[in-house]
$ cat my_file.txt   # compact mmCIF, C-alpha atoms
# COMPACT_ATOMS: atom_id res chain seq x y z
CA MET A 1 196.97 34.52 120.51
CA ASN A 2 199.62 36.18 118.36
CA GLY A 3 202.41 33.97 119.66
CA LYS A 4 204.19 36.81 121.41
CA ASP A 5 202.08 38.81 123.80
CA THR A 6 200.03 36.69 126.22
CA THR A 7 198.43 39.65 127.96
CA LEU A 8 194.95 41.02 127.41
CA LYS A 9 196.43 43.64 125.07
CA GLY A 10 198.02 40.84 123.04
CA LEU A 11 194.71 38.99 122.84
CA VAL A 12 192.82 42.07 121.66
CA GLU A 13 195.55 42.93 119.17
CA ALA A 14 195.53 39.38 117.75
CA LEU A 15 191.73 39.45 117.43
CA ARG A 16 191.92 42.86 115.78
CA LYS A 17 194.29 41.48 113.15
CA ARG A 18 191.92 38.59 112.41
CA HIS A 19 189.02 41.05 112.25
CA VAL A 20 190.87 43.15 109.66
CA CYS A 21 191.65 39.99 107.70
CA PHE A 22 187.96 39.02 107.51
CA ALA A 23 186.81 42.60 106.85
CA GLU A 24 189.21 42.93 103.92
CA ARG A 25 187.74 39.76 102.44
CA GLY A 26 184.22 41.12 102.50
CA ALA A 27 182.89 40.23 105.97
CA ARG A 28 179.80 42.29 106.78
CA ALA A 29 178.97 41.24 110.33
CA SER A 30 180.17 39.56 113.49
CA ASP A 31 177.96 37.17 115.42
CA HIS A 32 178.16 36.62 119.18
CA GLY A 33 176.38 33.81 121.03
CA LEU A 34 175.93 34.89 124.65
CA LEU A 35 174.02 33.40 127.54
CA GLU A 36 173.09 36.96 128.47
CA PRO A 37 173.93 39.99 126.30
CA TYR A 38 176.65 41.67 128.37
CA GLY A 39 177.87 45.19 127.56
CA LEU A 40 178.74 46.83 130.87
CA ASP A 41 181.44 49.48 131.23
CA VAL A 42 184.58 47.71 132.44
CA THR A 43 188.04 49.28 132.67
CA GLU A 44 191.01 47.81 130.85
CA ASN A 45 192.81 47.29 134.16
CA ARG A 46 189.93 45.23 135.54
CA ALA A 47 189.66 43.14 132.38
CA ALA A 48 193.45 42.62 132.35
CA GLU A 49 193.31 41.47 135.97
CA ILE A 50 190.61 38.89 135.16
CA PHE A 51 192.49 37.72 132.08
CA HIS A 52 195.72 37.34 134.05
CA GLU A 53 193.96 35.31 136.76
CA ALA A 54 192.37 33.03 134.18
CA TYR A 55 195.28 32.68 131.76
CA SER A 56 198.34 32.70 133.99
CA LYS A 57 196.95 31.47 137.29
CA LYS A 58 194.45 29.04 135.71
CA GLU A 59 191.55 30.45 137.70
CA ARG A 60 188.26 28.99 136.45
CA TYR A 61 185.35 31.39 136.58
CA GLY A 62 181.78 30.14 136.34
CA ILE A 63 179.51 31.19 133.51
CA ARG A 64 177.44 33.26 135.97
CA SER A 65 180.35 34.82 137.85
CA ILE A 66 180.87 38.58 137.95
CA GLU A 67 184.30 38.09 136.38
CA THR A 68 182.83 36.32 133.34
CA ARG A 69 180.20 39.00 133.03
CA GLU A 70 182.79 41.77 133.23
CA PHE A 71 185.24 40.15 130.84
CA ILE A 72 182.62 39.45 128.18
CA SER A 73 181.40 43.04 128.59
CA TYR A 74 184.92 44.38 128.02
CA MET A 75 185.41 42.21 124.94
CA MET A 76 182.03 43.18 123.48
CA HIS A 77 183.08 46.84 123.66
CA ARG A 78 186.26 45.98 121.79
CA PHE A 79 184.34 43.96 119.15
CA CYS A 80 181.90 46.83 118.64
CA GLU A 81 184.83 49.24 118.22
CA MET A 82 186.30 46.97 115.54
CA ASN A 83 182.94 46.63 113.79
CA GLN A 84 182.36 50.36 113.87
CA GLU A 85 185.77 51.05 112.36
CA ARG A 86 184.92 48.75 109.45
CA GLY A 87 181.22 49.57 109.13
CA MET A 88 180.26 46.02 110.10
CA VAL A 89 177.06 44.96 111.83
CA THR A 90 177.23 43.46 115.33
CA GLN A 91 174.84 40.57 115.88
CA ILE A 92 174.04 39.07 119.27
CA HIS A 93 172.18 35.80 119.74
CA TYR A 94 171.36 35.36 123.39
CA GLY A 95 169.21 33.36 125.73
CA ALA A 96 169.96 29.80 124.61
CA PHE A 97 171.13 27.41 127.29
CA ARG A 98 173.20 25.00 125.24
CA ASN A 99 173.50 21.24 125.67
CA ALA A 100 171.19 21.03 128.68
CA ASN A 101 170.80 17.28 128.24
CA LYS A 102 174.27 15.99 129.02
CA TYR A 103 173.34 12.48 127.88
CA LEU A 104 172.47 13.73 124.40
CA PHE A 105 175.58 15.90 124.27
CA LYS A 106 177.90 13.12 125.44
CA ASN A 107 176.61 10.62 122.90
CA TRP A 108 175.71 12.73 119.89
CA GLY A 109 177.31 16.13 120.43
CA ALA A 110 175.93 19.65 120.04
CA ASP A 111 172.85 20.79 118.07
CA VAL A 112 170.81 17.62 118.48
CA GLY A 113 167.84 19.16 120.29
CA GLY A 114 169.34 19.56 123.75
CA ASP A 115 169.29 23.38 123.82
CA ILE A 116 166.66 25.25 125.83
CA SER A 117 165.49 28.89 125.81
CA MET A 118 166.51 30.69 129.01
CA ASP A 119 163.73 31.64 131.39
CA THR A 120 165.49 34.84 132.47
CA ALA A 121 168.09 37.11 130.89
CA HIS A 122 168.78 40.65 132.07
CA VAL A 123 168.92 42.36 128.72
CA VAL A 124 168.45 46.09 129.27
CA GLU A 125 170.57 46.53 132.39
CA ASN A 126 173.45 44.53 130.93
CA LEU A 127 173.39 46.06 127.46
CA ASN A 128 172.62 49.70 128.15
CA PRO A 129 176.23 51.00 128.37
CA LEU A 130 177.12 49.28 125.09
CA LEU A 131 174.01 50.57 123.33
CA SER A 132 174.52 54.11 124.58
CA ARG A 133 178.13 54.14 123.40
CA PHE A 134 177.82 52.52 119.98
CA PHE A 135 174.21 52.45 118.80
CA SER A 136 172.55 55.66 120.02
CA GLY A 137 172.23 57.21 116.57
CA GLU A 138 174.32 60.16 117.78
CA THR A 139 176.58 60.17 114.71
CA GLN A 140 176.13 59.06 111.13
CA ASN A 141 179.02 56.61 111.13
CA GLN A 142 177.59 54.35 113.83
CA SER A 143 176.98 50.83 112.63
CA HIS A 144 174.01 48.67 113.61
CA LEU A 145 173.30 46.04 116.22
CA LEU A 146 170.97 43.17 115.43
CA LEU A 147 169.53 41.41 118.45
CA TYR A 148 168.16 37.89 118.23
CA GLN A 149 166.40 36.49 121.27
CA MET B 12 162.72 32.52 119.64
CA ASN B 13 161.81 33.48 123.17
CA GLN B 14 158.67 35.59 123.39
CA THR B 15 159.63 36.70 126.89
CA TYR B 16 161.95 39.31 125.41
CA ALA B 17 159.89 40.41 122.41
CA HIS B 18 158.64 43.58 124.09
CA VAL B 19 162.21 44.42 125.18
CA HIS B 20 163.47 44.23 121.61
CA VAL B 21 160.64 46.35 120.30
CA MET B 22 161.33 49.03 122.92
CA LEU B 23 165.09 48.92 122.39
CA GLU B 24 164.49 49.53 118.68
CA ARG B 25 162.43 52.57 119.55
CA ALA B 26 164.97 53.96 122.03
CA PHE B 27 168.13 53.26 120.00
CA PRO B 28 167.96 54.07 116.27
CA ASN B 29 170.88 51.79 115.44
CA VAL B 30 169.42 48.74 117.18
CA ASN B 31 167.31 46.45 115.02
CA GLY B 32 165.34 43.42 116.07
CA GLY B 33 166.66 40.38 114.29
CA PHE B 34 163.97 38.09 113.00
CA PRO B 35 163.09 35.38 115.52
CA TRP B 36 163.61 32.33 113.36
CA TRP B 37 166.47 30.59 115.13
CA HIS B 38 166.18 28.17 118.04
CA ASN B 39 162.65 27.28 119.11
CA ASP B 40 161.02 29.09 116.22
CA THR B 41 157.53 28.30 115.00
CA PRO B 42 155.44 29.99 112.28
CA TYR B 43 152.84 31.03 114.88
CA VAL B 44 155.36 32.72 117.20
CA MET B 45 157.10 34.41 114.27
CA GLU B 46 153.80 35.83 113.07
CA GLN B 47 152.90 36.94 116.59
CA TYR B 48 156.23 38.77 116.87
CA LEU B 49 155.63 40.64 113.62
CA LEU B 50 152.14 41.69 114.73
CA HIS B 51 153.53 42.76 118.11
CA ALA B 52 156.27 44.84 116.44
CA ALA B 53 153.72 46.39 114.06
CA GLY B 54 151.48 47.39 116.96
CA ALA B 55 154.15 48.73 119.28
CA SER B 56 156.84 50.08 116.98
CA LEU B 57 157.72 50.22 113.28
CA LEU B 58 157.45 46.86 111.56
CA SER B 59 159.47 48.11 108.62
CA THR B 60 162.67 48.74 110.62
CA GLY B 61 163.31 45.11 111.58
CA GLY B 62 166.44 43.34 110.44
CA GLY B 63 164.49 40.74 108.51
CA PRO B 64 165.74 37.22 108.01
CA VAL B 65 169.44 36.44 107.71
CA CYS B 66 171.08 33.09 107.23
CA ASP B 67 174.57 31.71 107.54
CA GLY B 68 176.51 29.01 105.75
CA ARG B 69 175.60 26.32 108.27
CA LYS B 70 172.04 26.34 106.93
CA ILE B 71 172.91 26.27 103.27
CA LEU B 72 170.78 23.20 102.55
CA SER B 73 167.65 24.70 104.08
CA VAL B 74 167.96 28.32 102.93
CA GLY B 75 165.24 28.03 100.27
CA GLY B 76 162.74 26.41 102.63
CA ARG B 77 163.51 28.83 105.44
CA PHE B 78 162.99 31.91 103.29
CA GLU B 79 159.78 30.48 101.90
CA VAL B 80 158.42 30.07 105.43
CA PHE B 81 159.35 33.66 106.18
CA ASP B 82 157.74 34.86 102.93
CA ARG B 83 154.51 33.17 103.94
CA VAL B 84 154.62 34.40 107.53
CA ILE B 85 155.28 38.04 106.63
CA CYS B 86 152.56 37.97 103.97
CA ARG B 87 150.05 36.44 106.38
CA ALA B 88 150.90 39.01 109.08
CA THR B 89 150.71 42.02 106.75
CA GLY B 90 147.58 40.54 105.13
CA LYS B 91 145.92 40.48 108.55
CA LEU B 92 146.89 44.11 109.17
CA VAL B 93 145.50 45.13 105.77
CA SER B 94 142.24 43.25 106.27
CA ASP B 95 141.86 44.83 109.73
CA GLY B 96 142.30 48.28 108.19
CA GLN B 97 145.52 48.91 110.14
CA MET B 98 147.77 49.09 107.12
CA SER B 99 147.24 50.12 103.51
CA LYS B 100 147.92 47.65 100.73
CA PRO B 101 150.75 49.80 99.24
CA GLY B 102 152.14 50.17 102.79
CA SER B 103 152.18 46.42 103.28
CA ILE B 104 154.10 45.96 100.03
CA LYS B 105 156.68 48.50 101.23
CA VAL B 106 157.04 46.65 104.54
CA VAL B 107 157.56 43.30 102.85
CA LYS B 108 160.17 44.78 100.50
CA ALA B 109 161.96 46.42 103.45
CA LEU B 110 162.04 43.27 105.57
CA MET B 111 162.91 40.89 102.77
CA TYR B 112 165.51 42.90 100.89
CA GLU B 113 166.06 46.60 101.46
CA ASN B 114 166.92 46.53 105.17
CA GLN B 115 169.54 43.81 104.78
CA LYS B 116 171.06 45.65 101.82
CA ARG B 117 171.25 48.88 103.84
CA LEU B 118 172.35 47.49 107.21
CA PHE B 119 174.99 45.10 105.87
CA HIS B 120 176.22 47.48 103.15
CA LEU B 121 175.49 44.94 100.42
CA GLU B 122 175.19 47.45 97.58

$ encode --input "my_file.txt" --output "structure tokens"
Amino acid sequence: MNGKDTTLKGLVEALRKRHVCFAERGARASDHGLLEPYGLDVTENRAAEIFHEAYSKKERYGIRSIETREFISYMMHRFCEMNQERGMVTQIHYGAFRNANKYLFKNWGADVGGDISMDTAHVVENLNPLLSRFFSGETQNQSHLLLYQ
Amino acid sequence: MNQTYAHVHVMLERAFPNVNGGFPWWHNDTPYVMEQYLLHAAGASLLSTGGGPVCDGRKILSVGGRFEVFDRVICRATGKLVSDGQMSKPGSIKVVKALMYENQKRLFHLE
């Protein structure tokens, strides 16, 4: 956070500042690790409501909950806006269920062979609004999305 | 690499000009599946538009080995297409150059 504004707007503004900082130092791409590649159309009011519930009221949403799906979608739209402004590539790695073997994770941590490829991920339905908005090829200044499955 | 979604990526690339399939060499990758993906993309879409291999700093010690595997896989896949008469030899050289250098340079503005 930026130390001042603990609303969704504050979060996005703080992330935007960090994005500018990296872009000015030569960053060429962002990379997002998602269970499923979410990019639905979600209003700012809805995202702010979810953020408020989670941040202020300590509500804990599950990884598969509609709130998680909507909030990630909202943030992905913001990240793509930032990338487009700076001509940066958006990369999404999806479909890896991390640390499935809790025994391995507990004793040796992440990235020790306990990740598994997901058997199902709803790619097209979840991503279509994001793709149509940012990666349609409609204008010359659109940046690119690299998808890794 | 999860082959389940290979056809989705290929079709998304066709439908959205600014979407590129990243090369499937992270998580669960094998030379055989990587080659299969390239042949699938060549048959169903444009092989030359793929994002090619990219690497990040976490893999700095294995970058050389990783890129050598990719070099061999892409050459084997394009070699098969040439020997089957599905791609010309000059065309295969263009594809390899695009996937190994030119696409990254263009997409990531590395000029």

$ atom_distance --input "my_file.txt" --atom1 "atom CA of Thr89 of chain B" --atom2 "atom CA of His120 of chain B"
26.3 Å

$ interface_residues --input "my_file.txt" --of "chain B" --to "chain A" --cutoff "7 Å" --atoms "only C-alpha atoms" --output "number ranges by chain"
B: 12-13, 16, 27-35, 62, 118-119

$ residues_around --input "my_file.txt" --residues "Ala48 of chain A" --least-positions-apart "2" --cutoff "8 Å" --atoms "only C-alpha atoms" --output "list of chain:residue names"
A:Thr7, A:Leu8, A:Lys9, A:Glu44, A:Asn45, A:Arg46, A:Ile50, A:Phe51, A:His52

$ atom_distance --input "my_file.txt" --atom1 "atom CA of Leu49 of chain B" --atom2 "atom CA of Pro101 of chain B"
17.7 Å

$ atom_distance --input "my_file.txt" --atom1 "atom CA of Met98 of chain B" --atom2 "atom CA of Val44 of chain B"
20.7 Å

$ residues_around --input "my_file.txt" --residues "Phe81 of chain B" --least-positions-apart "5" --cutoff "12 Å" --atoms "only C-alpha atoms" --output "PyMOL selection string"
chain B and resi 34-37+40-46+49+63-66+74-76+86-88+107+110-111

$ closest_residue --input "my_file.txt" --among "A:Leu11, A:Cys21, A:Phe79, A:Pro37" --to "Tyr55 of chain A" --atoms "only C-alpha atoms"
A:Leu11

$ residues_around --input "my_file.txt" --residues "Ala55 of chain B" --least-positions-apart "6" --cutoff "12 Å" --atoms "all atoms listed in the file" --output "PyMOL selection string"
chain B and resi 17-25+48-49

$ axis_aligned_box --input "my_file.txt" --around "segment 106-122 of chain A" --padding-each-side "3 Å" --output "AutoDock Vina command-line options"
--center_x 170.8 --center_y 25.6 --center_z 125.3 --size_x 20.2 --size_y 36.0 --size_z 20.4

$ closest_residue --input "my_file.txt" --among "B:Arg77, B:Ala52, B:Lys116, B:Ser59" --to "Ser103 of chain B" --atoms "only C-alpha atoms"
B:Ser59
